[in-house]
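A.B. asks: My structure file start03.pdb, PDB, C-alpha atoms, is below:
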```pdb
MODEL        1
ATOM      1  CA  MET A   1      -9.475  17.865  -2.288
ATOM      2  CA  LYS A   2     -12.744  15.980  -2.348
ATOM      3  CA  ILE A   3     -12.093  12.363  -3.406
ATOM      4  CA  GLN A   4     -15.125  10.174  -4.068
ATOM      5  CA  ARG A   5     -15.331   6.403  -4.378
ATOM      6  CA  LEU A   6     -16.993   4.343  -7.100
ATOM      7  CA  VAL A   7     -17.312   0.618  -6.366
ATOM      8  CA  LEU A   8     -16.978  -1.799  -9.271
ATOM      9  CA  PRO A   9     -19.242  -4.865  -9.111
ATOM     10  CA  GLY A  10     -17.779  -8.321  -8.698
ATOM     11  CA  PRO A  11     -16.771 -10.892  -9.546
ATOM     12  CA  GLY A  12     -16.219  -9.069 -12.843
ATOM     13  CA  PRO A  13     -18.051  -6.078 -14.269
ATOM     14  CA  ALA A  14     -19.721  -6.790 -17.602
ATOM     15  CA  ALA A  15     -20.025  -4.508 -20.610
ATOM     16  CA  HIS A  16     -23.677  -3.820 -19.732
ATOM     17  CA  ASP A  17     -22.529  -2.269 -16.415
ATOM     18  CA  ALA A  18     -20.573   0.447 -18.231
ATOM     19  CA  ALA A  19     -23.448   2.876 -18.914
ATOM     20  CA  ARG A  20     -24.631   2.842 -15.287
ATOM     21  CA  LEU A  21     -21.113   3.254 -13.877
ATOM     22  CA  CYS A  22     -20.241   6.030 -16.348
ATOM     23  CA  ALA A  23     -23.426   7.915 -15.427
ATOM     24  CA  ARG A  24     -22.522   7.558 -11.744
ATOM     25  CA  LEU A  25     -18.968   8.789 -12.411
ATOM     26  CA  ALA A  26     -20.254  11.816 -14.329
ATOM     27  CA  ARG A  27     -22.596  12.664 -11.414
ATOM     28  CA  LEU A  28     -19.716  12.444  -8.933
ATOM     29  CA  TYR A  29     -17.706  14.973 -10.935
ATOM     30  CA  GLU A  30     -20.754  17.221 -11.421
ATOM     31  CA  ASP A  31     -21.330  17.172  -7.660
ATOM     32  CA  GLY A  32     -17.832  18.522  -7.030
ATOM     33  CA  ALA A  33     -15.529  15.527  -6.809
ATOM     34  CA  CYS A  34     -11.953  16.555  -7.584
ATOM     35  CA  ALA A  35     -10.889  12.929  -7.995
ATOM     36  CA  VAL A  36     -12.552   9.516  -8.051
ATOM     37  CA  GLU A  37     -11.176   6.199  -6.857
ATOM     38  CA  CYS A  38     -12.672   3.065  -8.428
ATOM     39  CA  ASP A  39     -12.670   0.389  -5.768
ATOM     40  CA  ALA A  40     -11.941  -2.897  -7.576
ATOM     41  CA  ARG A  41     -11.651  -5.202  -4.557
ATOM     42  CA  ALA A  42     -14.758  -7.155  -5.609
ATOM     43  CA  VAL A  43     -13.347  -7.803  -9.097
ATOM     44  CA  THR A  44     -11.974 -11.310  -8.671
ATOM     45  CA  ALA A  45     -12.619 -12.621 -12.206
ATOM     46  CA  PRO A  46     -11.735  -9.779 -14.582
ATOM     47  CA  GLY A  47     -12.310 -10.178 -18.296
ATOM     48  CA  LEU A  48     -13.016  -8.099 -21.358
ATOM     49  CA  GLY A  49     -16.112  -6.651 -19.679
ATOM     50  CA  ALA A  50     -13.922  -5.176 -16.949
ATOM     51  CA  VAL A  51     -11.590  -3.725 -19.571
ATOM     52  CA  GLU A  52     -14.520  -2.135 -21.422
ATOM     53  CA  VAL A  53     -15.969  -0.689 -18.216
ATOM     54  CA  LEU A  54     -12.641   0.801 -17.127
ATOM     55  CA  ALA A  55     -11.869   2.161 -20.597
ATOM     56  CA  ARG A  56     -15.273   3.848 -20.771
ATOM     57  CA  LEU A  57     -14.856   5.228 -17.251
ATOM     58  CA  ARG A  58     -11.528   6.697 -18.301
ATOM     59  CA  LEU A  59     -13.177   8.371 -21.293
ATOM     60  CA  THR A  60     -16.001   9.666 -19.096
ATOM     61  CA  ALA A  61     -13.461  11.204 -16.702
ATOM     62  CA  ARG A  62     -12.168  13.381 -19.583
ATOM     63  CA  GLY A  63      -8.761  13.938 -18.062
ATOM     64  CA  ARG A  64      -9.988  14.410 -14.500
ATOM     65  CA  PRO A  65      -8.281  12.295 -11.835
ATOM     66  CA  LEU A  66      -9.492   8.673 -11.895
ATOM     67  CA  ARG A  67      -7.632   5.843 -10.183
ATOM     68  CA  VAL A  68      -8.329   2.157  -9.636
ATOM     69  CA  THR A  69      -7.634   0.890  -6.112
ATOM     70  CA  GLY A  70      -7.705  -2.601  -4.643
ATOM     71  CA  ALA A  71      -6.976  -4.312  -7.964
ATOM     72  CA  ALA A  72      -6.054  -7.994  -7.710
ATOM     73  CA  PRO A  73      -3.003  -9.261  -9.632
ATOM     74  CA  ALA A  74      -5.198 -10.632 -12.451
ATOM     75  CA  LEU A  75      -6.814  -7.234 -13.025
ATOM     76  CA  ARG A  76      -3.442  -5.497 -12.808
ATOM     77  CA  ALA A  77      -2.016  -7.833 -15.447
ATOM     78  CA  LEU A  78      -5.018  -7.324 -17.708
ATOM     79  CA  LEU A  79      -4.811  -3.530 -17.443
ATOM     80  CA  ASP A  80      -1.091  -3.697 -18.205
ATOM     81  CA  LEU A  81      -1.775  -5.896 -21.243
ATOM     82  CA  VAL A  82      -4.331  -3.502 -22.753
ATOM     83  CA  GLY A  83      -2.443  -0.291 -21.939
ATOM     84  CA  LEU A  84      -4.625   1.003 -19.112
ATOM     85  CA  VAL A  85      -2.091   0.461 -16.333
ATOM     86  CA  GLU A  86      -1.977   4.222 -15.663
ATOM     87  CA  LEU A  87      -5.395   3.845 -14.023
ATOM     88  CA  LEU A  88      -3.615   2.055 -11.189
ATOM     89  CA  GLY A  89      -1.607   5.192 -10.453
ATOM     90  CA  GLU A  90       1.680   3.383 -10.988
ATOM     91  CA  ALA A  91       4.465   4.095 -13.446
ATOM     92  CA  GLU A  92       4.420   1.915 -16.542
ATOM     93  CA  GLN A  93       7.098  -0.715 -16.828
ATOM     94  CA  ARG A  94      10.404   0.650 -18.169
ATOM     95  CA  GLU A  95       9.337   4.261 -17.580
ATOM     96  CA  PRO A  96      10.642   6.382 -14.725
ATOM     97  CA  PRO A  97       8.119   7.692 -12.213
ATOM     98  CA  PRO A  98       6.917  11.247 -12.826
ATOM     99  CA  GLY A  99       9.418  13.888 -11.750
ATOM    100  CA  VAL A 100      12.463  11.612 -12.092
ATOM    101  CA  GLN A 101      15.076  12.893 -14.479
ATOM    102  CA  GLU A 102      17.760  10.734 -16.010
ATOM    103  CA  GLY A 103      21.281  11.739 -15.117
ATOM    104  CA  VAL A 104      23.748  12.679 -17.852
ATOM    105  CA  GLU A 105      27.478  12.284 -17.413
ATOM    106  CA  PRO A 106      29.728  15.037 -18.830
ATOM    107  CA  ASP A 107      31.612  12.567 -21.059
ATOM    108  CA  ASP A 108      28.449  10.943 -22.542
ATOM    109  CA  LEU A 109      28.345  11.130 -26.319
ATOM    110  CA  ALA A 110      25.340  12.802 -27.938
ATOM    111  CA  LEU A 111      23.249  10.470 -30.081
TER     112      LEU A 111
ENDMDL
END
```
Let me see whether you can do it: turn the structure in this file into structure tokens.
C.D. replies:
Amino acid sequence: MKIQRLVLPGPGPAAHDAARLCARLARLYEDGACAVECDARAVTAPGLGAVEVLARLRLTARGRPLRVTGAAPALRALLDLVGLVELLGEAEQREPPPGVQEGVEPDDLAL
């Protein structure tokens, strides 16, 4: 599996960075990338620009694997707040990880 890396600019990507980063992401997939990791280590002051960039990158990926790595706690919290936490490759709060099935006891009443 060929995984490519896309580096997000710091200290916080702005909305005007989205078009350039989306074009780069599209090229990576066209060139054969099976998955792309967005390196967010430089993002130390995330804001709405970072949210817009990551949302547009997610749309550009069109269901292909895209994951954010190196996210600082502030970026993690912001992605959780706006519903993009799945980009971090972690299970959402209050949801079981993929592949985990809830157990049912024989004497449990049906709802």
A.B. asks: Carefully work through the PyMOL selection byres ((chain A and resi 66) around 9) for this structure and note down the residues it includes, as a PyMOL selection string.
C.D. replies: chain A and resi 35-38+57-58+61+63-65+67-68+87-89
A.B. asks: Under the PyMOL selection byres ((chain A and resi 52) around 12), which residues of this model are included? Write them out as a ChimeraX atom specification.
C.D. replies: /A:12-19,21-22,46-51,53-59,78-79,82,84
A.B. asks: For C-alpha atoms, I'd like the residues from the last selection saved as an mmCIF file, in the coordinates of the input.
C.D. replies:
```
data_model
loop_
_atom_site.group_PDB
_atom_site.id
_atom_site.type_symbol
_atom_site.label_atom_id
_atom_site.label_comp_id
_atom_site.auth_asym_id
_atom_site.auth_seq_id
_atom_site.Cartn_x
_atom_site.Cartn_y
_atom_site.Cartn_z
ATOM 1 C CA GLY A 12 -16.219 -9.069 -12.843
ATOM 2 C CA PRO A 13 -18.051 -6.078 -14.269
ATOM 3 C CA ALA A 14 -19.721 -6.790 -17.602
ATOM 4 C CA ALA A 15 -20.025 -4.508 -20.610
ATOM 5 C CA HIS A 16 -23.677 -3.820 -19.732
ATOM 6 C CA ASP A 17 -22.529 -2.269 -16.415
ATOM 7 C CA ALA A 18 -20.573 0.447 -18.231
ATOM 8 C CA ALA A 19 -23.448 2.876 -18.914
ATOM 9 C CA LEU A 21 -21.113 3.254 -13.877
ATOM 10 C CA CYS A 22 -20.241 6.030 -16.348
ATOM 11 C CA PRO A 46 -11.735 -9.779 -14.582
ATOM 12 C CA GLY A 47 -12.310 -10.178 -18.296
ATOM 13 C CA LEU A 48 -13.016 -8.099 -21.358
ATOM 14 C CA GLY A 49 -16.112 -6.651 -19.679
ATOM 15 C CA ALA A 50 -13.922 -5.176 -16.949
ATOM 16 C CA VAL A 51 -11.590 -3.725 -19.571
ATOM 17 C CA VAL A 53 -15.969 -0.689 -18.216
ATOM 18 C CA LEU A 54 -12.641 0.801 -17.127
ATOM 19 C CA ALA A 55 -11.869 2.161 -20.597
ATOM 20 C CA ARG A 56 -15.273 3.848 -20.771
ATOM 21 C CA LEU A 57 -14.856 5.228 -17.251
ATOM 22 C CA ARG A 58 -11.528 6.697 -18.301
ATOM 23 C CA LEU A 59 -13.177 8.371 -21.293
ATOM 24 C CA LEU A 78 -5.018 -7.324 -17.708
ATOM 25 C CA LEU A 79 -4.811 -3.530 -17.443
ATOM 26 C CA VAL A 82 -4.331 -3.502 -22.753
ATOM 27 C CA LEU A 84 -4.625 1.003 -19.112
#
```
A.B. asks: May I have the residues within 9 Å of Val43 (chain A) as a PyMOL selection string, using only C-alpha atoms and disregarding those fewer than 2 positions away in the same chain?
C.D. replies: chain A and resi 8-13+39-41+45-46+50+70-72+75
A.B. asks: Produce a file of the selected residues containing C-alpha atoms, as an mmCIF file, keeping the file's coordinate frame.
C.D. replies:
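Now in result.cif:
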```cif
data_model
loop_
_atom_site.group_PDB
_atom_site.id
_atom_site.type_symbol
_atom_site.label_atom_id
_atom_site.label_comp_id
_atom_site.auth_asym_id
_atom_site.auth_seq_id
_atom_site.Cartn_x
_atom_site.Cartn_y
_atom_site.Cartn_z
ATOM 1 C CA LEU A 8 -16.978 -1.799 -9.271
ATOM 2 C CA PRO A 9 -19.242 -4.865 -9.111
ATOM 3 C CA GLY A 10 -17.779 -8.321 -8.698
ATOM 4 C CA PRO A 11 -16.771 -10.892 -9.546
ATOM 5 C CA GLY A 12 -16.219 -9.069 -12.843
ATOM 6 C CA PRO A 13 -18.051 -6.078 -14.269
ATOM 7 C CA ASP A 39 -12.670 0.389 -5.768
ATOM 8 C CA ALA A 40 -11.941 -2.897 -7.576
ATOM 9 C CA ARG A 41 -11.651 -5.202 -4.557
ATOM 10 C CA ALA A 45 -12.619 -12.621 -12.206
ATOM 11 C CA PRO A 46 -11.735 -9.779 -14.582
ATOM 12 C CA ALA A 50 -13.922 -5.176 -16.949
ATOM 13 C CA GLY A 70 -7.705 -2.601 -4.643
ATOM 14 C CA ALA A 71 -6.976 -4.312 -7.964
ATOM 15 C CA ALA A 72 -6.054 -7.994 -7.710
ATOM 16 C CA LEU A 75 -6.814 -7.234 -13.025
#
```
A.B. asks: Just to confirm, what's the straight-line distance from CA of Asp31 (chain A) to CA of Thr60 (chain A) in Å (one decimal)?
C.D. replies: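 Distance between the two atoms: 14.7 Å.
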A.B. asks: At what distance in Å, to one decimal, does CA of Arg5 (chain A) lie from CA of Val85 (chain A)?
C.D. replies: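 CA of Arg5 (chain A) lies 18.8 Å from CA of Val85 (chain A).
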A.B. asks: Using all atoms of region 50-61 of chain A listed in the file and a margin of 6 Å per side, can you give the axis-aligned box centre and edge lengths in Å to one decimal, as JSON?
C.D. replies:
```
{"center_x": -13.8, "center_y": 3.0, "center_z": -19.1, "size_x": 16.5, "size_y": 28.4, "size_z": 16.7}
```
